[in-house]
>>> print(open('model_5.cif').read())   # mmCIF, C-alpha atoms
data_query
loop_
_atom_site.label_atom_id
_atom_site.label_comp_id
_atom_site.auth_asym_id
_atom_site.auth_seq_id
_atom_site.Cartn_x
_atom_site.Cartn_y
_atom_site.Cartn_z
CA MET D 1 -95.87 -146.09 95.20
CA GLY D 2 -94.44 -149.23 93.64
CA ARG D 3 -93.51 -152.22 95.71
CA MET D 4 -89.91 -152.23 96.91
CA ALA D 5 -87.86 -155.39 96.57
CA MET D 6 -87.44 -156.82 100.07
CA THR D 7 -83.97 -158.18 100.60
CA GLY D 8 -84.34 -158.93 104.30
CA PHE D 9 -86.81 -160.71 106.55
CA LEU D 10 -89.32 -159.58 109.14
CA CYS D 11 -88.47 -160.21 112.78
CA LEU D 12 -91.04 -158.88 115.25
CA GLY D 13 -92.11 -156.29 112.67
CA VAL D 14 -88.55 -155.06 111.97
CA LEU D 15 -86.94 -155.55 108.60
CA VAL D 16 -83.51 -157.12 109.18
CA PRO D 17 -81.04 -157.11 106.26
CA ALA D 18 -80.27 -160.62 105.08
CA SER D 19 -76.54 -159.87 105.25
CA SER D 20 -76.73 -159.45 109.04
CA ALA D 21 -78.19 -162.89 109.69
CA GLU D 22 -75.91 -165.24 111.72
CA PRO D 23 -74.60 -168.19 109.67
CA ALA D 24 -75.54 -171.65 110.91
CA ASP D 25 -72.88 -173.18 113.13
CA GLU D 26 -70.88 -175.85 111.36
CA ALA D 27 -70.40 -179.11 113.22
CA LEU D 28 -67.01 -179.23 114.92
CA PRO D 29 -64.81 -182.21 114.02
CA LEU D 30 -64.73 -185.01 116.55
CA SER D 31 -61.61 -185.59 118.60
CA PRO D 32 -59.89 -188.99 118.23
CA ARG D 33 -61.43 -190.13 121.52
CA GLU D 34 -64.91 -189.00 120.50
CA THR D 35 -64.53 -190.70 117.13
CA VAL D 36 -63.60 -194.00 118.73
CA TRP D 37 -66.27 -193.84 121.41
CA LYS D 38 -68.93 -193.07 118.82
CA PHE D 39 -67.86 -196.05 116.75
CA GLU D 40 -67.64 -198.29 119.80
CA ARG D 41 -71.16 -197.40 120.91
CA SER D 42 -72.45 -198.22 117.43
CA LEU D 43 -71.08 -201.76 117.79
CA ALA D 44 -72.86 -202.60 121.02
CA PRO D 45 -76.26 -203.67 119.57
CA LEU D 46 -74.75 -205.74 116.74
CA GLY D 47 -74.09 -209.44 116.52
CA GLU D 48 -70.54 -210.75 116.83
CA LEU D 49 -69.95 -211.40 113.14
CA GLU D 50 -71.20 -207.95 112.16
CA ARG D 51 -69.11 -206.33 114.88
CA ALA D 52 -66.01 -208.12 113.60
CA ARG D 53 -66.71 -206.98 110.06
CA GLN D 54 -67.20 -203.36 111.06
CA VAL D 55 -64.07 -203.34 113.21
CA ARG D 56 -62.00 -204.54 110.27
CA GLU D 57 -63.50 -201.83 108.07
CA PHE D 58 -62.99 -199.15 110.72
CA PHE D 59 -59.28 -199.82 111.10
CA ALA D 60 -58.80 -200.21 107.35
CA ALA D 61 -60.49 -196.87 106.65
CA THR D 62 -58.95 -194.85 109.51
CA LYS D 63 -56.22 -192.60 108.13
CA ASP D 64 -55.48 -190.49 111.21
CA PRO D 65 -52.71 -192.10 113.35
CA ALA D 66 -54.12 -190.40 116.46
CA VAL D 67 -57.44 -192.17 115.91
CA ARG D 68 -55.71 -195.52 115.36
CA ILE D 69 -53.78 -195.05 118.59
CA GLU D 70 -56.95 -194.18 120.47
CA ALA D 71 -58.78 -197.12 118.88
CA VAL D 72 -56.29 -199.62 120.33
CA GLY D 73 -57.99 -198.89 123.63
CA MET D 74 -60.96 -200.92 122.40
CA LEU D 75 -58.70 -203.97 122.76
CA ASP D 76 -57.02 -203.38 126.12
CA SER D 77 -58.52 -200.49 128.10
CA ARG D 78 -62.15 -201.33 128.70
CA TYR D 79 -64.21 -202.95 131.44
CA VAL D 80 -66.66 -204.13 128.81
CA TYR D 81 -65.35 -205.16 125.39
CA VAL D 82 -67.53 -205.00 122.30
CA VAL D 83 -64.74 -205.87 119.85
CA PRO D 84 -64.83 -209.66 119.40
CA LYS D 85 -61.74 -211.51 120.65
CA SER D 86 -61.67 -213.33 117.34
CA VAL D 87 -60.23 -210.24 115.62
CA HIS D 88 -57.83 -209.01 118.33
CA ALA D 89 -54.77 -210.83 117.02
CA GLU D 90 -55.60 -209.92 113.43
CA ILE D 91 -56.03 -206.21 114.15
CA LEU D 92 -52.99 -205.99 116.38
CA GLY D 93 -50.89 -207.75 113.78
CA GLN D 94 -51.89 -205.10 111.26
CA LEU D 95 -51.16 -202.27 113.68
CA LEU D 96 -47.71 -203.67 114.43
CA ARG D 97 -46.95 -203.09 110.74
CA ASP D 98 -48.33 -199.56 110.78
CA PRO D 99 -46.13 -196.92 109.09
CA GLU D 100 -46.34 -194.77 112.25
CA VAL D 101 -44.03 -196.05 114.97
CA LYS D 102 -46.22 -194.58 117.73
CA VAL D 103 -49.12 -196.67 116.46
CA ARG D 104 -46.90 -199.77 116.51
CA SER D 105 -45.77 -198.92 120.03
CA ARG D 106 -49.35 -198.55 121.28
CA ALA D 107 -50.25 -201.83 119.60
CA ALA D 108 -47.35 -203.51 121.40
CA ARG D 109 -48.83 -202.43 124.70
CA ALA D 110 -52.11 -204.12 123.78
CA VAL D 111 -50.23 -207.20 122.58
CA GLY D 112 -48.68 -207.41 126.05
CA TYR D 113 -52.03 -206.98 127.75
CA ARG D 114 -53.44 -209.81 125.66
CA GLY D 115 -50.36 -212.01 126.13
CA LEU D 116 -49.89 -212.35 122.37
CA GLY D 117 -46.22 -211.38 122.14
CA ALA D 118 -45.00 -214.79 120.99
CA GLU D 119 -46.94 -214.30 117.75
CA TYR D 120 -45.08 -211.09 116.88
CA ARG D 121 -41.46 -211.65 117.86
CA ASP D 122 -39.91 -209.78 114.93
CA ALA D 123 -42.16 -206.73 115.33
CA LEU D 124 -41.43 -206.48 119.05
CA ARG D 125 -37.70 -206.87 118.57
CA ASP D 126 -37.79 -204.10 115.99
CA LEU D 127 -39.54 -201.80 118.47
CA LEU D 128 -37.06 -202.68 121.20
CA ARG D 129 -34.24 -201.38 118.99
CA ARG D 130 -35.78 -197.90 119.06
CA GLU D 131 -34.19 -195.38 121.40
CA ASP D 132 -37.43 -193.85 122.66
CA PRO D 133 -37.90 -195.11 126.27
CA GLU D 134 -41.69 -195.19 125.90
CA ILE D 135 -41.42 -197.46 122.86
CA LYS D 136 -38.95 -199.70 124.69
CA HIS D 137 -41.33 -199.77 127.67
CA ASN D 138 -44.18 -201.14 125.58
CA ALA D 139 -42.00 -203.64 123.74
CA LEU D 140 -40.51 -204.96 127.00
CA TYR D 141 -43.96 -205.23 128.55
CA ALA D 142 -45.19 -207.29 125.59
CA MET D 143 -42.12 -209.51 125.69
CA GLY D 144 -42.44 -210.26 129.40
CA ARG D 145 -46.15 -211.00 129.20
CA SER D 146 -45.59 -213.33 126.25
CA ARG D 147 -44.16 -216.13 128.46
CA ASP D 148 -41.85 -216.83 125.53
CA LEU D 149 -38.31 -217.50 126.80
CA ARG D 150 -36.91 -216.60 123.41
CA PHE D 151 -37.31 -212.99 124.49
CA ALA D 152 -35.05 -213.47 127.53
CA GLY D 153 -31.89 -212.52 125.63
CA PRO D 154 -33.06 -209.14 124.30
CA ILE D 155 -34.57 -208.33 127.70
CA ARG D 156 -31.34 -209.12 129.55
CA GLU D 157 -29.40 -206.85 127.21
CA HIS D 158 -31.49 -203.93 128.48
CA LEU D 159 -30.69 -204.57 132.16
CA SER D 160 -27.54 -202.54 131.56
CA HIS D 161 -29.14 -199.82 129.44
CA PRO D 162 -27.83 -196.33 130.29
CA GLN D 163 -31.33 -195.03 131.13
CA PRO D 164 -32.63 -196.08 134.58
CA ARG D 165 -36.22 -196.28 133.40
CA VAL D 166 -35.29 -198.82 130.73
CA ARG D 167 -33.36 -200.92 133.27
CA ILE D 168 -36.42 -200.94 135.51
CA ASP D 169 -38.71 -201.94 132.64
CA ALA D 170 -36.32 -204.70 131.63
CA ALA D 171 -36.19 -206.00 135.22
CA PHE D 172 -39.96 -206.18 135.52
CA SER D 173 -40.22 -207.81 132.12
CA LEU D 174 -37.60 -210.42 132.96
CA PHE D 175 -39.28 -211.09 136.32
CA THR D 176 -42.59 -211.69 134.56
CA LEU D 177 -40.87 -214.06 132.16
CA GLN D 178 -38.47 -215.77 134.56
CA ARG D 179 -39.00 -215.08 138.26
CA ASP D 180 -35.83 -216.82 139.40
CA ALA D 181 -33.51 -214.86 137.07
CA LYS D 182 -30.25 -214.25 138.94
CA GLU D 183 -29.66 -210.95 137.16
CA LEU D 184 -32.46 -209.33 139.16
CA GLU D 185 -30.57 -209.52 142.45
CA ALA D 186 -27.55 -207.91 140.81
CA LEU D 187 -29.66 -204.81 140.11
CA LEU D 188 -30.06 -204.27 143.85
CA ALA D 189 -26.57 -202.78 143.65
CA ASP D 190 -27.48 -200.45 140.77
CA PRO D 191 -26.00 -196.94 141.17
CA GLU D 192 -29.42 -195.35 140.63
CA PRO D 193 -31.70 -195.30 143.73
CA ALA D 194 -34.83 -195.48 141.58
CA VAL D 195 -33.64 -198.78 140.12
CA ARG D 196 -32.78 -200.26 143.52
CA GLY D 197 -36.10 -199.13 144.96
CA ALA D 198 -38.04 -200.64 142.07
CA VAL D 199 -36.24 -203.95 141.77
CA VAL D 200 -36.37 -204.73 145.49
CA GLN D 201 -40.13 -205.10 145.07
CA LEU D 202 -39.41 -208.12 142.88
CA VAL D 203 -36.87 -209.86 145.14
CA PRO D 204 -37.47 -208.65 148.73
CA GLY D 205 -36.20 -211.92 150.17
CA ALA D 206 -32.85 -211.86 148.38
CA PRO D 207 -29.79 -211.55 150.67
CA ALA D 208 -28.80 -208.33 148.94
CA ALA D 209 -32.22 -206.83 149.72
CA LYS D 210 -31.42 -206.73 153.42
CA ARG D 211 -28.52 -204.39 152.75
CA LEU D 212 -30.96 -201.90 151.25
CA LEU D 213 -32.55 -201.38 154.67
CA ALA D 214 -29.43 -199.32 155.39
CA ASP D 215 -29.29 -197.71 151.96
CA PRO D 216 -28.27 -194.02 151.93
CA SER D 217 -31.45 -193.20 150.01
CA PRO D 218 -34.60 -192.85 152.19
CA HIS D 219 -36.65 -193.76 149.12
CA VAL D 220 -34.85 -197.09 148.84
CA ARG D 221 -35.17 -197.85 152.57
CA GLU D 222 -38.87 -197.10 152.43
CA ARG D 223 -39.49 -199.23 149.32
CA THR D 224 -37.50 -202.08 150.81
CA ALA D 225 -39.48 -202.11 154.04
CA ARG D 226 -42.77 -202.04 152.14
CA ALA D 227 -41.67 -204.84 149.83
CA MET D 228 -40.63 -206.98 152.77
CA GLY D 229 -43.91 -206.36 154.53
CA ASP D 230 -45.91 -207.26 151.46
CA SER D 231 -43.83 -210.40 150.88
CA GLY D 232 -45.38 -212.27 153.80
CA ASN D 233 -41.93 -213.58 154.77
CA ARG D 234 -41.86 -213.48 158.57
CA ASN D 235 -38.17 -214.32 158.57
CA LEU D 236 -37.59 -210.67 157.65
CA ILE D 237 -39.23 -209.24 160.78
CA SER D 238 -36.02 -208.77 162.77
CA ASP D 239 -34.32 -207.09 159.81
CA ILE D 240 -37.00 -204.39 159.70
CA PHE D 241 -36.79 -203.34 163.37
CA PRO D 242 -33.86 -200.90 163.00
CA LEU D 243 -35.98 -198.74 160.69
CA LEU D 244 -38.30 -197.92 163.59
CA LYS D 245 -35.56 -195.47 164.64
CA ASP D 246 -34.88 -194.11 161.15
CA PRO D 247 -34.51 -190.30 161.00
CA ILE D 248 -37.05 -190.07 158.14
CA PRO D 249 -40.71 -190.22 159.26
CA ASN D 250 -41.95 -191.97 156.10
CA VAL D 251 -39.36 -194.71 156.54
CA ARG D 252 -40.40 -195.26 160.17
CA ALA D 253 -44.05 -195.32 159.14
CA THR D 254 -43.39 -197.88 156.42
CA ALA D 255 -41.42 -200.05 158.85
CA VAL D 256 -44.42 -200.05 161.19
CA TYR D 257 -46.67 -200.88 158.27
CA ALA D 258 -44.43 -203.79 157.28
CA LEU D 259 -44.40 -205.25 160.80
CA GLY D 260 -48.17 -205.09 160.90
CA ARG D 261 -48.43 -206.81 157.53
CA LEU D 262 -46.11 -209.55 158.77
CA LYS D 263 -48.31 -210.02 161.87
CA ALA D 264 -45.37 -209.49 164.20
CA ALA D 265 -47.51 -210.03 167.30
CA GLU D 266 -44.56 -211.25 169.36
CA HIS D 267 -43.04 -207.80 168.95
CA GLY D 268 -46.23 -205.80 169.35
CA SER D 269 -44.80 -203.62 172.11
CA ARG D 270 -42.21 -202.26 169.70
CA ILE D 271 -45.03 -201.25 167.34
CA GLU D 272 -47.12 -199.72 170.12
CA GLU D 273 -44.21 -197.56 171.27
CA PRO D 274 -44.27 -195.17 168.25
CA LEU D 275 -48.06 -194.89 168.59
CA ALA D 276 -47.53 -193.22 171.94
CA GLU D 277 -44.22 -191.48 171.41
CA ASP D 278 -43.48 -190.60 167.79
CA GLU D 279 -43.80 -186.90 167.05
CA HIS D 280 -44.93 -187.39 163.43
CA VAL D 281 -48.58 -188.13 162.81
CA VAL D 282 -47.89 -190.38 159.80
CA VAL D 283 -45.93 -192.78 162.03
CA ARG D 284 -48.64 -192.80 164.70
CA ARG D 285 -51.33 -193.43 162.08
CA TYR D 286 -49.47 -196.42 160.67
CA ALA D 287 -48.74 -197.75 164.16
CA ALA D 288 -52.43 -197.62 165.07
CA THR D 289 -53.31 -199.48 161.89
CA ALA D 290 -50.55 -202.06 162.36
CA LEU D 291 -51.85 -202.98 165.82
CA GLY D 292 -55.19 -203.73 164.21
CA GLU D 293 -53.43 -206.10 161.82
CA ILE D 294 -51.91 -207.95 164.79
CA ARG D 295 -55.27 -208.14 166.62
CA SER D 296 -53.91 -208.70 170.09
CA ALA D 297 -56.03 -207.63 173.08
CA LYS D 298 -52.87 -206.65 174.98
CA HIS D 299 -52.74 -203.47 172.85
CA LEU D 300 -56.27 -202.27 173.58
CA ALA D 301 -55.10 -199.97 176.36
CA GLY D 302 -52.57 -198.27 174.09
CA LEU D 303 -55.12 -197.91 171.31
CA ARG D 304 -57.71 -196.43 173.67
CA ALA D 305 -55.13 -193.91 174.82
CA ALA D 306 -54.62 -193.00 171.14
CA LEU D 307 -58.30 -192.03 170.95
CA ARG D 308 -57.13 -188.80 172.61
CA ASP D 309 -54.45 -188.13 169.99
CA PRO D 310 -54.60 -184.57 168.59
CA ASP D 311 -54.70 -185.93 165.02
CA GLU D 312 -58.12 -187.03 163.79
CA GLN D 313 -56.73 -189.72 161.47
CA VAL D 314 -54.75 -191.28 164.30
CA ARG D 315 -57.94 -191.40 166.38
CA LYS D 316 -59.88 -192.98 163.51
CA SER D 317 -57.16 -195.57 162.89
CA ALA D 318 -57.08 -196.44 166.57
CA GLU D 319 -60.87 -196.77 166.70
CA ARG D 320 -60.81 -199.08 163.68
CA SER D 321 -58.13 -201.28 165.24
CA ILE D 322 -60.06 -201.50 168.50
CA ARG D 323 -63.10 -202.76 166.59
CA LEU D 324 -61.01 -205.38 164.81
CA ILE D 325 -59.47 -206.61 168.04
CA GLU D 326 -62.77 -206.74 169.92
CA ASN D 327 -64.52 -208.46 167.00
CA PRO D 328 -62.06 -211.02 165.53
CA SER D 329 -64.59 -212.24 162.95
CA LEU D 330 -64.74 -208.86 161.21
CA ASP D 331 -63.32 -208.63 157.71
CA PRO D 332 -60.70 -205.82 157.82
CA ASP D 333 -61.66 -204.72 154.31
CA THR D 334 -65.18 -203.89 155.47
CA VAL D 335 -64.14 -201.83 158.53
CA ARG D 336 -63.57 -198.14 157.95
#
>>> encode(input="model_5.cif", output="structure tokens")
Amino acid sequence: MGRMAMTGFLCLGVLVPASSAEPADEALPLSPRETVWKFERSLAPLGELERARQVREFFAATKDPAVRIEAVGMLDSRYVYVVPKSVHAEILGQLLRDPEVKVRSRAARAVGYRGLGAEYRDALRDLLRREDPEIKHNALYAMGRSRDLRFAGPIREHLSHPQPRVRIDAAFSLFTLQRDAKELEALLADPEPAVRGAVVQLVPGAPAAKRLLADPSPHVRERTARAMGDSGNRNLISDIFPLLKDPIPNVRATAVYALGRLKAAEHGSRIEEPLAEDEHVVVRRYAATALGEIRSAKHLAGLRAALRDPDEQVRKSAERSIRLIENPSLDPDTVR
């Protein structure tokens, strides 16, 4: 018998037709994030000059806008930067001229992070003319962080923009650029609660801010109390007290928080009262914590009574405050 042509291969003594063999898996394309991370890792062992050269080549050769957008993160989104600072302005300047507006917008965000906005006034103004709120957000951020007062005019124009988010972005940008801008206080009367609640964080000591403690929006009352507490301005203590009787638990809790932050020790009994009597656990938790901020031994009895509270978090907060009061040298940030 003649030899038969063998068109398969032997596998454990069985002839398997070649046509049934599985094709080798082809490598899947990398995502934009994987592409950038791979490139970034390749830079780490190189010297600064070589890294700068390769970064220039990478951005020049990258055709995919999604990759360019992701690659901007190498300039503003890392704990450890391997891209030399010497090329940041150069690369961002190129990206601000990118044909894709989303690439330019992402570059504007990095320009703001790096405080380089003054170098790219025309590019940022062009982005600010776009109607997309996200693009306006990045342009306003870059303008505010620039410290360049020549941006004040375009920013102010957006304080009356029809979209609340843009008005908020413009307010924060103007505050970063010019903290004493009078227009900020005017926004405390904005018809949109989200705007009032955001802007009060910037000017909690303004006369108009006190009116927001009685705002019809619980969100605004809460944000106002928190802003006042974080301000460190003890002159606001008496203004916050009425919120301890607010019908909304989160507002009462934030009022207690604010009084603790302001170290209102002379009014400690009014903070201890909700710890014992308020029906909502969030208020009792904040009250227990606030008494620890005050650190007065006169509240130890009330805090020890709170160790029997049915809510575990209230008990833990009370225990922490007791430790802080009994050990005045303890750093509050280290006590859990």
>>> atom_distance(input="model_5.cif", atom1="CA of Ala52 in chain D", atom2="CA of Leu116 in chain D")
18.8 Å
>>> resolve_selection(input="model_5.cif", expression="the PyMOL selection byres ((chain D and resi 225) around 10)", output="mmCIF file with C-alpha atoms, in the frame of the given file")
data_model
loop_
_atom_site.group_PDB
_atom_site.id
_atom_site.type_symbol
_atom_site.label_atom_id
_atom_site.label_comp_id
_atom_site.auth_asym_id
_atom_site.auth_seq_id
_atom_site.Cartn_x
_atom_site.Cartn_y
_atom_site.Cartn_z
ATOM 1 C CA VAL D 200 -36.370 -204.730 145.490
ATOM 2 C CA GLN D 201 -40.130 -205.100 145.070
ATOM 3 C CA PRO D 204 -37.470 -208.650 148.730
ATOM 4 C CA ALA D 209 -32.220 -206.830 149.720
ATOM 5 C CA LYS D 210 -31.420 -206.730 153.420
ATOM 6 C CA LEU D 212 -30.960 -201.900 151.250
ATOM 7 C CA LEU D 213 -32.550 -201.380 154.670
ATOM 8 C CA VAL D 220 -34.850 -197.090 148.840
ATOM 9 C CA ARG D 221 -35.170 -197.850 152.570
ATOM 10 C CA GLU D 222 -38.870 -197.100 152.430
ATOM 11 C CA ARG D 223 -39.490 -199.230 149.320
ATOM 12 C CA THR D 224 -37.500 -202.080 150.810
ATOM 13 C CA ARG D 226 -42.770 -202.040 152.140
ATOM 14 C CA ALA D 227 -41.670 -204.840 149.830
ATOM 15 C CA MET D 228 -40.630 -206.980 152.770
ATOM 16 C CA GLY D 229 -43.910 -206.360 154.530
ATOM 17 C CA ASP D 230 -45.910 -207.260 151.460
ATOM 18 C CA SER D 231 -43.830 -210.400 150.880
ATOM 19 C CA LEU D 236 -37.590 -210.670 157.650
ATOM 20 C CA ILE D 237 -39.230 -209.240 160.780
ATOM 21 C CA ASP D 239 -34.320 -207.090 159.810
ATOM 22 C CA ILE D 240 -37.000 -204.390 159.700
ATOM 23 C CA PHE D 241 -36.790 -203.340 163.370
ATOM 24 C CA LEU D 243 -35.980 -198.740 160.690
ATOM 25 C CA VAL D 251 -39.360 -194.710 156.540
ATOM 26 C CA ARG D 252 -40.400 -195.260 160.170
ATOM 27 C CA ALA D 253 -44.050 -195.320 159.140
ATOM 28 C CA THR D 254 -43.390 -197.880 156.420
ATOM 29 C CA ALA D 255 -41.420 -200.050 158.850
ATOM 30 C CA VAL D 256 -44.420 -200.050 161.190
ATOM 31 C CA TYR D 257 -46.670 -200.880 158.270
ATOM 32 C CA ALA D 258 -44.430 -203.790 157.280
ATOM 33 C CA LEU D 259 -44.400 -205.250 160.800
#
>>> residues_near_point(input="model_5.cif", point="(-35.1, -196.4, 141.9)", cutoff="9 Å", atoms="all atoms listed in the file", output="number ranges by chain")
D: 164-165, 168, 190, 192-199, 219-220
>>> resolve_selection(input="model_5.cif", expression="the PyMOL selection byres ((chain D and resi 311) around 12)", output="PyMOL selection string")
chain D and resi 275+279-285+288+306-310+312-318
>>> resolve_selection(input="model_5.cif", expression="the PyMOL selection byres ((chain D and resi 48) around 12)", output="number ranges by chain")
D: 43-47, 49-55, 81-87
>>> atom_distance(input="model_5.cif", atom1="CA of Pro216 in chain D", atom2="CA of Leu174 in chain D")
26.8 Å
>>> axis_aligned_box(input="model_5.cif", around="range 75-78 of chain D", padding_each_side="6 Å", output="AutoDock Vina command-line options")
--center_x -59.6 --center_y -202.2 --center_z 125.7 --size_x 17.1 --size_y 15.5 --size_z 17.9
>>> atom_distance(input="model_5.cif", atom1="CA of Gly117 in chain D", atom2="CA of Arg129 in chain D")
15.9 Å
>>> residues_near_point(input="model_5.cif", point="(-50.5, -211.0, 113.0)", cutoff="12 Å", atoms="all atoms listed in the file", output="number ranges by chain")
D: 87-98, 107-108, 111, 116-124
>>> residues_around(input="model_5.cif", residues="range 260-268 of chain D", least_positions_apart="4", cutoff="7 Å", atoms="all atoms listed in the file", output="ChimeraX atom specification")
/D:229-230,232,234,256,272,290-291,293-294
>>> residues_around(input="model_5.cif", residues="range 155-163 of chain D", least_positions_apart="3", cutoff="9 Å", atoms="only C-alpha atoms", output="NGL selection string")
:D and (128 or 133 or 140 or 143-144 or 151-152 or 166-171 or 173-174 or 183-184 or 187)
>>> closest_residue(input="model_5.cif", among="D:Glu273, D:Arg211, D:Arg320, D:Leu244", to="Gly302 in chain D", atoms="only C-alpha atoms")
D:Glu273
>>> closest_residue(input="model_5.cif", among="D:Arg68, D:Leu324, D:Glu277, D:Asp180", to="Ser296 in chain D", atoms="only C-alpha atoms")
D:Leu324
>>> residues_around(input="model_5.cif", residues="Ile135 in chain D", least_positions_apart="2", cutoff="9 Å", atoms="all atoms listed in the file", output="list in words")
Val101, Lys102, Arg104, Ser105, Arg106, Ala108, Leu127, Leu128, Arg130, Glu131, Asp132, Pro133, His137, Asn138, Ala139 and Leu140 of chain D
>>> build_atoms(input="model_5.cif", residues="range 129-140 of chain D", atoms="N, CA and C atoms", output="CSV table (one decimal), in the coordinates of the input")
chain,number,residue,atom,x,y,z
D,129,ARG,N,-35.5,-202.0,119.5
D,129,ARG,CA,-34.2,-201.4,119.0
D,129,ARG,C,-34.4,-199.9,119.0
D,130,ARG,N,-35.6,-199.3,119.1
D,130,ARG,CA,-35.8,-197.9,119.1
D,130,ARG,C,-35.2,-197.3,120.3
D,131,GLU,N,-34.8,-196.0,120.2
D,131,GLU,CA,-34.2,-195.4,121.4
D,131,GLU,C,-35.2,-194.7,122.3
D,132,ASP,N,-36.4,-194.5,121.8
D,132,ASP,CA,-37.4,-193.8,122.7
D,132,ASP,C,-37.8,-194.8,123.9
D,133,PRO,N,-37.6,-194.3,125.1
D,133,PRO,CA,-37.9,-195.1,126.3
D,133,PRO,C,-39.3,-195.6,126.3
D,134,GLU,N,-40.3,-194.8,125.9
D,134,GLU,CA,-41.7,-195.2,125.9
D,134,GLU,C,-41.9,-196.4,125.0
D,135,ILE,N,-41.3,-196.3,123.8
D,135,ILE,CA,-41.4,-197.5,122.9
D,135,ILE,C,-40.8,-198.7,123.4
D,136,LYS,N,-39.6,-198.6,124.1
D,136,LYS,CA,-39.0,-199.7,124.7
D,136,LYS,C,-39.8,-200.2,125.8
D,137,HIS,N,-40.5,-199.4,126.6
D,137,HIS,CA,-41.3,-199.8,127.7
D,137,HIS,C,-42.4,-200.7,127.2
D,138,ASN,N,-43.1,-200.3,126.1
D,138,ASN,CA,-44.2,-201.1,125.6
D,138,ASN,C,-43.7,-202.5,125.0
D,139,ALA,N,-42.5,-202.4,124.3
D,139,ALA,CA,-42.0,-203.6,123.7
D,139,ALA,C,-41.6,-204.6,124.8
D,140,LEU,N,-40.9,-204.1,125.9
D,140,LEU,CA,-40.5,-205.0,127.0
D,140,LEU,C,-41.7,-205.5,127.7
